[in-house]
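Shown below: structure.txt, with compact mmCIF, C-alpha atoms.
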# COMPACT_ATOMS: atom_id res chain seq x y z
CA MET A 8 73.67 -13.20 1.97
CA PHE A 9 75.81 -10.18 3.10
CA ASN A 10 79.36 -9.87 1.88
CA PRO A 11 81.87 -8.44 4.44
CA PHE A 12 81.70 -4.92 2.95
CA LYS A 13 77.93 -4.78 3.05
CA LYS A 14 77.98 -6.19 6.56
CA ALA A 15 80.44 -3.50 7.68
CA CYS A 16 78.25 -0.77 6.12
CA PHE A 17 75.17 -2.19 7.80
CA ILE A 18 76.81 -2.29 11.22
CA SER A 19 78.14 1.25 10.71
CA VAL A 20 74.62 2.49 10.02
CA LEU A 21 73.39 0.79 13.19
CA VAL A 22 76.15 2.40 15.22
CA ILE A 23 75.33 5.84 13.78
CA ILE A 24 71.64 5.40 14.60
CA PHE A 25 72.55 4.31 18.12
CA ALA A 26 74.93 7.25 18.60
CA ALA A 27 72.34 9.69 17.27
CA GLY A 28 69.86 8.34 19.80
CA LEU A 29 72.31 8.84 22.62
CA ILE A 30 73.01 12.40 21.49
CA PHE A 31 69.31 13.21 21.50
CA ALA A 32 68.94 11.52 24.88
CA LEU A 33 71.74 13.57 26.43
CA GLU A 34 70.62 16.86 25.00
CA VAL A 35 69.16 18.38 28.19
CA ILE A 36 71.33 21.32 29.27
CA GLN A 37 69.51 22.22 32.46
CA THR A 38 66.22 21.39 34.13
CA GLN A 39 64.10 23.68 36.29
CA GLU A 40 60.88 23.09 38.15
CA SER A 41 57.81 25.17 37.56
CA SER A 42 56.92 27.55 40.35
CA LEU A 43 53.34 27.64 39.13
CA TRP A 44 52.23 24.33 37.59
CA ASP A 45 52.32 21.33 39.94
CA GLY A 46 54.64 18.56 38.79
CA VAL A 47 55.82 20.39 35.68
CA GLU A 48 59.54 20.37 34.98
CA VAL A 49 61.16 22.26 32.14
CA ASP A 50 64.20 21.01 30.24
CA LEU A 51 66.42 23.44 28.42
CA LEU A 52 67.21 21.31 25.38
CA SER A 53 69.38 23.59 23.28
CA VAL A 54 70.85 27.08 23.09
CA LYS A 55 72.40 27.82 19.73
CA VAL A 56 73.82 31.01 18.28
CA LYS A 57 73.89 31.57 14.53
CA ASN A 58 74.09 34.91 12.68
CA ASN A 59 73.80 36.70 16.04
CA ILE A 60 70.48 34.99 16.66
CA LEU A 61 70.16 32.89 19.79
CA THR A 62 67.65 30.07 19.49
CA VAL A 63 66.43 28.20 22.54
CA LYS A 64 64.38 25.02 22.71
CA LEU A 65 62.59 23.96 25.87
CA LYS A 66 60.48 21.02 26.83
CA PHE A 67 57.72 21.17 29.46
CA ARG A 68 57.29 17.74 31.09
CA ASN A 69 54.42 16.83 33.35
CA GLU A 70 55.86 14.61 36.07
CA GLY A 71 52.75 14.99 38.20
CA GLU A 72 49.60 12.91 38.31
CA GLU A 73 47.14 15.46 37.00
CA ASN A 74 46.74 17.31 33.72
CA GLN A 75 48.38 20.72 33.74
CA LYS A 76 47.50 23.69 31.57
CA VAL A 77 50.63 25.70 30.91
CA SER A 78 50.58 29.16 29.38
CA ALA A 79 52.63 32.34 29.15
CA TYR A 80 53.09 35.33 26.91
CA TYR A 81 56.28 35.33 24.87
CA GLU A 82 56.70 39.00 25.76
CA SER A 83 57.45 37.88 29.32
CA CYS A 84 60.31 35.59 28.27
CA TYR A 85 63.82 36.99 28.17
CA ILE A 86 67.49 36.18 28.41
CA MET A 87 69.80 38.03 30.73
CA ASP A 88 73.48 38.76 30.29
CA GLU A 89 74.50 39.36 33.89
CA THR A 90 78.14 40.11 32.98
CA ASN A 91 77.19 43.10 30.88
CA GLN A 92 74.00 43.77 32.84
CA LYS A 93 71.64 43.60 29.91
CA LYS A 94 68.49 41.70 29.12
CA TYR A 95 67.15 40.78 25.72
CA PHE A 96 63.63 39.93 24.66
CA VAL A 97 62.25 37.55 22.03
CA LEU A 98 62.60 39.02 18.53
CA LYS A 99 59.47 40.28 16.80
CA ASP A 100 58.66 39.93 13.10
CA SER A 101 57.37 42.75 10.89
CA ASP A 102 53.78 42.01 11.99
CA GLY A 103 54.70 42.53 15.64
CA GLN A 104 54.51 38.82 16.39
CA TYR A 105 57.18 37.19 18.51
CA ILE A 106 59.41 34.79 16.57
CA ALA A 107 58.61 31.83 18.76
CA GLY A 108 56.28 28.90 18.83
CA PRO A 109 53.96 27.20 19.18
CA LYS A 110 51.37 29.97 19.44
CA GLU A 111 47.89 29.49 20.78
CA GLY A 112 46.95 33.07 19.91
CA ASP A 113 48.33 36.35 18.58
CA HIS A 114 47.39 38.52 21.55
CA LYS A 115 50.28 40.75 22.72
CA GLY A 116 52.54 39.27 20.05
CA GLY A 117 51.64 35.71 20.86
CA TYR A 118 51.51 33.26 23.73
CA PHE A 119 51.80 29.54 24.25
CA GLU A 120 49.18 27.49 25.99
CA PHE A 121 48.84 23.75 26.13
CA LYS A 122 47.48 20.98 28.25
CA ILE A 123 50.07 18.41 29.30
CA GLU A 124 48.88 15.04 30.44
CA PRO A 125 50.88 13.15 33.10
CA ALA A 126 54.11 11.65 31.71
CA LYS A 127 53.74 13.72 28.52
CA SER A 128 55.68 16.71 27.31
CA LYS A 129 55.36 19.74 25.02
CA GLY A 130 58.11 21.80 23.49
CA ILE A 131 58.55 25.48 22.71
CA TRP A 132 61.19 27.50 20.86
CA MET A 133 62.14 31.17 20.84
CA LYS A 134 64.58 33.37 18.96
CA PHE A 135 66.44 36.13 20.81
CA PRO A 136 69.18 38.54 19.77
CA ALA A 137 72.51 37.00 20.77
CA PRO A 138 73.93 39.18 23.57
CA GLU A 139 76.59 41.70 22.55
CA ASN A 140 80.19 41.30 23.73
CA SER A 141 79.87 37.51 23.65
CA PRO A 142 79.28 36.70 27.33
CA GLN A 143 80.20 33.17 28.36
CA THR A 144 76.92 32.53 30.12
CA ILE A 145 73.35 33.81 30.11
CA SER A 146 70.23 33.30 32.21
CA LEU A 147 66.83 32.51 30.76
CA SER A 148 63.58 33.57 32.38
CA ILE A 149 60.20 32.03 31.53
CA PRO A 150 57.09 33.00 33.52
CA GLY A 151 56.03 30.31 35.95
CA VAL A 152 59.42 28.58 35.82
CA PHE A 153 62.44 29.02 38.07
CA PRO A 154 65.16 30.78 36.06
CA PHE A 155 67.78 28.88 34.08
CA GLU A 156 71.01 30.41 35.32
CA GLU A 157 74.65 30.14 34.20
CA VAL A 158 73.70 28.66 30.84
CA GLU A 159 76.86 28.39 28.80
CA LEU A 160 76.93 29.76 25.28
CA MET B 30 70.89 -17.12 11.14
CA LYS B 31 73.39 -14.28 11.18
CA ASN B 32 71.02 -12.16 9.14
CA LEU B 33 68.27 -12.89 11.60
CA LYS B 34 70.51 -11.71 14.46
CA LEU B 35 71.24 -8.51 12.58
CA ILE B 36 67.55 -7.87 11.98
CA PHE B 37 66.82 -8.34 15.70
CA LEU B 38 69.68 -6.02 16.56
CA LEU B 39 68.33 -3.39 14.16
CA LEU B 40 64.83 -3.66 15.63
CA PHE B 41 66.23 -3.33 19.14
CA LEU B 42 68.24 -0.25 18.30
CA VAL B 43 65.42 1.43 16.38
CA SER B 44 62.99 0.81 19.23
CA TYR B 45 65.58 2.27 21.64
CA VAL B 46 66.28 5.34 19.58
CA PHE B 47 62.77 6.09 18.38
CA PRO B 48 61.36 7.58 21.63
CA PHE B 49 64.15 10.14 21.82
CA GLN B 50 63.63 11.04 18.18
CA THR B 51 59.92 11.72 18.69
CA GLU B 52 60.57 13.94 21.71
CA VAL B 53 62.87 16.13 19.66
CA ASP B 54 60.52 16.15 16.70
CA GLU B 55 57.88 17.85 18.86
CA ILE B 56 59.73 21.14 18.54
CA ILE B 57 59.47 22.22 14.94
CA ILE B 58 60.86 25.60 13.98
CA PRO B 59 59.44 26.94 10.69
CA ALA B 60 61.99 27.20 7.88
CA ASP B 61 61.56 30.97 7.55
CA ALA B 62 61.89 31.73 11.28
CA HIS B 63 65.64 32.32 11.16
CA GLU B 64 65.38 34.73 8.22
CA LYS B 65 62.64 36.62 10.04
CA ALA B 66 64.85 36.77 13.12
CA ILE B 67 67.77 38.18 11.14
CA ALA B 68 65.49 40.87 9.67
CA ALA B 69 64.13 41.65 13.14
CA LEU B 70 67.64 41.94 14.55
CA LYS B 71 68.59 44.45 11.83
CA GLN B 72 65.57 46.53 12.76
CA LEU B 73 66.73 46.66 16.38
CA GLY B 74 70.01 48.32 15.41
CA PRO B 75 73.35 48.13 17.24
CA GLY B 76 71.93 47.78 20.75
CA ARG B 77 69.96 44.66 19.74
CA GLY B 78 67.03 45.91 21.82
CA ALA B 79 68.87 45.26 25.06
CA LYS B 80 67.53 46.74 28.26
CA LYS B 81 70.04 47.80 30.90
CA ILE B 82 69.64 46.07 34.25
CA ASN B 83 71.01 46.64 37.70
CA SER B 84 72.95 43.54 38.77
CA HIS B 85 71.55 43.80 42.30
CA MET B 86 68.06 43.60 40.87
CA VAL B 87 68.51 40.36 38.94
CA LYS B 88 66.85 38.08 41.51
CA ILE B 89 64.02 40.54 42.02
CA ASP B 90 63.65 40.77 38.25
CA PHE B 91 63.30 36.98 37.95
CA ARG B 92 60.74 36.89 40.77
CA MET B 93 58.84 39.81 39.21
CA ASN B 94 58.67 37.90 35.96
CA GLU B 95 57.20 34.88 37.71
CA ILE B 96 54.52 37.00 39.37
CA LEU B 97 53.90 38.95 36.16
CA GLY B 98 53.52 35.68 34.30
CA VAL B 99 50.84 34.53 36.72
CA MET B 100 49.03 37.87 36.51
CA ARG B 101 49.15 37.85 32.72
CA GLY B 102 47.91 34.29 32.70
CA ILE B 103 44.88 35.43 34.68
CA GLU B 104 44.48 38.42 32.38
CA ALA B 105 44.62 36.17 29.28
CA LYS B 106 42.04 33.87 30.85
CA SER B 107 39.75 36.78 31.53
CA GLU B 108 40.15 38.06 27.97
CA LYS B 109 39.32 34.62 26.62
CA ILE B 110 36.09 34.49 28.63
CA GLU B 111 35.20 38.02 27.49
CA SER B 112 35.77 37.11 23.86
CA ALA B 113 33.81 33.84 24.11
CA LEU B 114 30.91 35.54 25.93
CA LYS B 115 30.78 38.26 23.28
CA ASP B 116 30.69 35.71 20.45
CA LEU B 117 27.87 33.87 22.21
CA SER B 118 25.93 37.07 23.04
CA ALA B 119 25.80 35.69 26.58
CA LYS B 120 24.58 37.45 29.70
CA GLU B 121 26.57 37.61 32.89
CA THR B 122 25.18 37.97 36.38
CA GLU B 123 26.98 37.97 39.70
CA THR B 124 26.62 34.21 40.05
CA GLU B 125 26.43 32.80 36.53
CA PHE B 126 26.84 33.11 32.79
CA GLN B 127 23.63 32.64 30.77
CA ILE B 128 24.04 31.37 27.23
CA GLU B 129 21.20 30.81 24.78
CA LEU B 130 21.86 28.88 21.58
CA SER B 131 19.34 28.66 18.78
CA GLY B 132 17.99 25.18 18.18
CA ASP B 133 18.12 25.87 14.44
CA VAL B 134 21.88 26.46 14.63
CA LEU B 135 22.56 23.44 16.83
CA PHE B 136 20.33 20.85 15.19
CA ASP B 137 18.60 19.96 11.95
CA PHE B 138 14.81 19.82 11.95
CA ASP B 139 13.49 17.08 14.23
CA LYS B 140 17.04 15.85 14.96
CA TRP B 141 19.31 15.94 17.98
CA ASP B 142 22.73 15.41 16.37
CA ILE B 143 24.94 18.48 16.66
CA ARG B 144 25.41 20.24 13.30
CA THR B 145 28.97 21.02 12.17
CA GLU B 146 28.03 24.72 11.97
CA ALA B 147 27.32 24.71 15.72
CA GLU B 148 30.74 23.47 16.78
CA GLU B 149 32.37 26.90 16.98
CA ALA B 150 29.67 28.13 19.36
CA LEU B 151 30.03 25.03 21.51
CA LYS B 152 33.80 25.48 21.64
CA ASN B 153 33.15 28.98 23.00
CA VAL B 154 30.80 27.48 25.59
CA ALA B 155 33.58 25.11 26.63
CA GLU B 156 35.97 28.05 26.85
CA VAL B 157 33.63 29.86 29.26
CA ILE B 158 33.15 26.72 31.38
CA ASN B 159 36.86 25.91 31.58
CA ALA B 160 38.23 29.40 31.95
CA SER B 161 35.74 30.28 34.70
CA LYS B 162 36.44 26.95 36.44
CA SER B 163 32.71 26.50 36.78
CA PRO B 164 31.64 23.89 39.33
CA LYS B 165 28.20 23.38 37.77
CA VAL B 166 26.64 23.72 34.33
CA LYS B 167 22.94 23.34 33.55
CA ILE B 168 21.89 22.57 30.00
CA SER B 169 18.21 22.69 29.17
CA GLY B 170 16.48 21.93 25.90
CA HIS B 171 13.35 23.70 24.66
CA THR B 172 11.13 23.27 21.61
CA ASP B 173 8.34 25.19 19.92
CA SER B 174 4.74 24.05 20.19
CA LYS B 175 4.53 22.28 16.84
CA GLY B 176 3.87 18.56 17.24
CA ALA B 177 2.79 16.51 20.22
CA ALA B 178 3.82 17.75 23.67
CA ASP B 179 5.19 14.32 24.67
CA TYR B 180 7.29 14.12 21.56
CA ASN B 181 8.62 17.66 22.10
CA GLN B 182 9.48 16.79 25.68
CA GLN B 183 11.58 13.83 24.54
CA LEU B 184 13.21 15.82 21.75
CA SER B 185 14.23 18.59 24.16
CA GLU B 186 15.74 16.07 26.58
CA LYS B 187 17.69 14.35 23.81
CA ARG B 188 18.96 17.70 22.53
CA ALA B 189 20.21 18.80 25.95
CA GLU B 190 21.93 15.43 26.39
CA SER B 191 23.42 15.73 22.92
CA VAL B 192 25.06 19.07 23.80
CA LYS B 193 26.50 17.51 26.95
CA ASN B 194 27.88 14.56 24.97
CA TRP B 195 29.46 16.85 22.40
CA LEU B 196 31.22 18.81 25.14
CA LYS B 197 32.34 15.56 26.74
CA GLU B 198 33.74 14.12 23.52
CA ASN B 199 35.23 17.22 21.97
CA THR B 200 36.43 19.44 24.81
CA GLU B 201 38.10 19.21 28.19
CA VAL B 202 34.88 20.00 30.05
CA ASP B 203 34.28 17.55 32.90
CA PRO B 204 30.89 15.91 32.14
CA LYS B 205 30.34 15.30 35.85
CA ILE B 206 29.60 18.99 36.40
CA ILE B 207 26.92 19.06 33.70
CA GLU B 208 23.25 18.56 34.48
CA THR B 209 20.77 18.25 31.62
CA SER B 210 17.01 18.65 31.44
CA GLY B 211 14.31 19.01 28.81
CA TYR B 212 11.28 21.25 29.04
CA GLY B 213 9.65 20.55 25.69
CA GLU B 214 7.30 23.35 24.73
CA SER B 215 6.45 24.28 28.32
CA LYS B 216 8.70 27.33 28.69
CA PRO B 217 8.33 29.49 25.58
CA VAL B 218 10.19 32.78 25.43
CA ALA B 219 7.96 34.07 22.60
CA PRO B 220 4.38 33.39 21.46
CA ASN B 221 4.10 30.42 19.08
CA THR B 222 1.00 31.94 17.49
CA ASN B 223 -0.14 35.44 16.66
CA PRO B 224 -3.10 37.07 18.50
CA ASP B 225 -5.39 36.10 15.60
CA GLY B 226 -4.43 32.44 16.06
CA SER B 227 -2.21 32.25 12.99
CA ASP B 228 1.25 30.69 13.05
CA ASN B 229 4.13 32.83 14.33
CA PRO B 230 7.30 31.35 12.75
CA GLU B 231 9.56 33.98 14.34
CA GLY B 232 8.23 33.24 17.80
CA ARG B 233 8.56 29.51 17.27
CA GLN B 234 12.13 29.92 16.09
CA LYS B 235 13.01 31.74 19.33
CA ASN B 236 11.46 28.96 21.35
CA ARG B 237 13.56 26.26 19.70
CA ARG B 238 16.65 26.72 21.84
CA VAL B 239 19.13 25.31 24.28
CA GLU B 240 19.89 27.31 27.40
CA ILE B 241 23.19 26.85 29.17
CA VAL B 242 23.77 28.24 32.62
CA VAL B 243 27.39 28.25 33.72
CA LYS B 244 27.60 28.73 37.47
CA LYS B 245 30.55 30.77 38.74
CA LYS B 246 30.63 29.24 42.24
Would you write the structure of this file as C-alpha cells?
Amino acid sequence: MFNPFKKACFISVLVIIFAAGLIFALEVIQTQESSLWDGVEVDLLSVKVKNNILTVKLKFRNEGEENQKVSAYYESCYIMDETNQKKYFVLKDSDGQYIAGPKEGDHKGGYFEFKIEPAKSKGIWMKFPAPENSPQTISLSIPGVFPFEEVEL
Amino acid sequence: MKNLKLIFLLLFLVSYVFPFQTEVDEIIIPADAHEKAIAALKQLGPGRGAKKINSHMVKIDFRMNEILGVMRGIEAKSEKIESALKDLSAKETETEFQIELSGDVLFDFDKWDIRTEAEEALKNVAEVINASKSPKVKISGHTDSKGAADYNQQLSEKRAESVKNWLKENTEVDPKIIETSGYGESKPVAPNTNPDGSDNPEGRQKNRRVEIVVKKK
C-alpha cells in the first residue's frame, strides 16, 4: 500500500512527533517547592527573551493528597539581576493591569488564584522587562514559592 | 501487516506524546500580550522600571516576598468576603454572618428548583463560606402564610435542601458542614395581613425567604 517514499515520509513524521514530545517533556528548567501550599511544587518551564521582553512560564503541580488553593498578586512577582543589583517587576498595560495570566481578578493589577487537585497542575505566565546589561543569570521570586535562583538566560 | 504495525506504532507514539502536549497547552499567552509588553517597556524608559537592590539584602528580600505574599493572600481573602457580604446585604456579628435571600429570587412560585437568576447570589454565599473557612452553615427555609401550613412546611424544607444541593453541586463548599431546616410559615418577619384583615403582599414577600447563617468558629 505504501511505496518506499511515502513510507519514509510517514516514519519521518512519527520521529518528529516523538522528538517534539521529548522536547516538551524535558522543558522544565528548575523546580522549587512551595513554602506555603502543602505538596505544591512549581516548575519553571521556560524563560525566553524577545524584543527586550522576558517571558516566563511556570507550572504549579499538586503532588500532595489534598486540594490546594494557590493565589498571589502579580505585583509581588519579580525577577532579580543579582550581578547588576536590580530587580524588575511584571510589565503593566495601559489600563494598569499586569501583563500576565491567568487572572482571577483585576484587583491591584491582577492576581492568580486556582484550586489544584492532587496530581493535577495549573500554569501561569508573566512578561517582565529583560534586565539591562544582559546578565547571564537571573532569579525569579513568586510569593509562597522558594526562589528560582541562577536561572540562565 | 506492515501497515498494521505502522498504525500501532503511530497510536503508541501519539498516546506517549499527547500528555506532554496537553500540559504545555494549559499555558496560553494571548496573541496581543507581547505587543502590549513592548508598549509597556517603552513607557518605562531607559531604566526599564528597575529597582536598585543591595546584594546583601537579596535573601531577606526573597523571604520578605514570601511573607508579603501570605499577608496579601489574607488581605485578598478578606476583600473577597467584604465584597460578597456587601452584594448579599449580609449582616456580620462576632460569631457569624447572617444572609437572607428572597424566596422570589431563589425560586419560582410553588417550586424549589433554584432559578438561574439566583446563581450569582449563591456563588457569593459560597465565597463567604469558603473564604471564612466556616465550620458550620445553617440554611433555613421560610414561606408566607398562603396555603396549608403542612404544605408550606414541606415546601420550606425542600427549598432549604435545594440551596444546599446547589452549593454542593456547583461550588467547593463541603456539604457536610451544612445543616438544613424548614420552618414553613411559623417564623414570619413581617405581617402576612394588614390590621384590617386584608392581604399584605409586601409582608408576605418578605416572609418568603431562605436564611443562611455562616458560623465563623
query: Can you list, as a ChimeraX atom specification, every protein, DNA or RNA residue that comes within 6 Å of segment 54-70 of chain A when you count only C-alpha atoms, leaving out same-chain residues fewer than 6 positions away?
result: /A:46-48,125-137
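Interface residues on chain A toward chain B (cut-off 7 Å, only C-alpha atoms): Leu21, Phe25, Gly28, Phe31, Ala32, Ile60, Ser78, Ala79, Ser83, Glu89, Gln92, Lys93, Lys94, Tyr95, Leu98, Lys99, Asp100, Ile106, Lys129, Gly130, Ile131, Trp132, Lys134, Pro136, Ser148, Pro150, Gly151, Val152 and Pro154 of chain A.
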task: Mind checking which residues fall within 10 Å of segment 114-124 of chain B, counting only C-alpha atoms, ignoring those fewer than 3 positions away in the same chain, and posting them as a list in words?
output: Glu108, Lys109, Ile110, Glu111, Gln127, Ile128, Glu129, Leu130, Glu149, Ala150, Leu151, Asn153, Val154, Glu156, Val157, Ile241, Val242, Val243, Lys244, Lys245 and Lys246 of chain B
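Picture a line from atom CA of Ile168 of chain B to atom CA of Arg188 of chain B; it runs 9.4 Å.
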message: Report, in Å to a single decimal, how far apart atom CA of Val239 of chain B and atom CA of Gly170 of chain B are.
response: 4.6 Å
task: Find the residues around segment 103-105 of chain A up to 8 Å (only C-alpha atoms counted), leave out those fewer than 3 positions away in its own chain, and share them as JSON, numbers by chain.
output: {"A": [81, 82, 97, 98, 99, 100, 113, 115, 116, 117]}
Would you save the residues of that selection, restricted to C-alpha atoms, as a compact mmCIF listing (two decimals), in the frame of the given file?
# COMPACT_ATOMS: atom_id res chain seq x y z
CA TYR A 81 56.28 35.33 24.87
CA GLU A 82 56.70 39.00 25.76
CA VAL A 97 62.25 37.55 22.03
CA LEU A 98 62.60 39.02 18.53
CA LYS A 99 59.47 40.28 16.80
CA ASP A 100 58.66 39.93 13.10
CA ASP A 113 48.33 36.35 18.58
CA LYS A 115 50.28 40.75 22.72
CA GLY A 116 52.54 39.27 20.05
CA GLY A 117 51.64 35.71 20.86
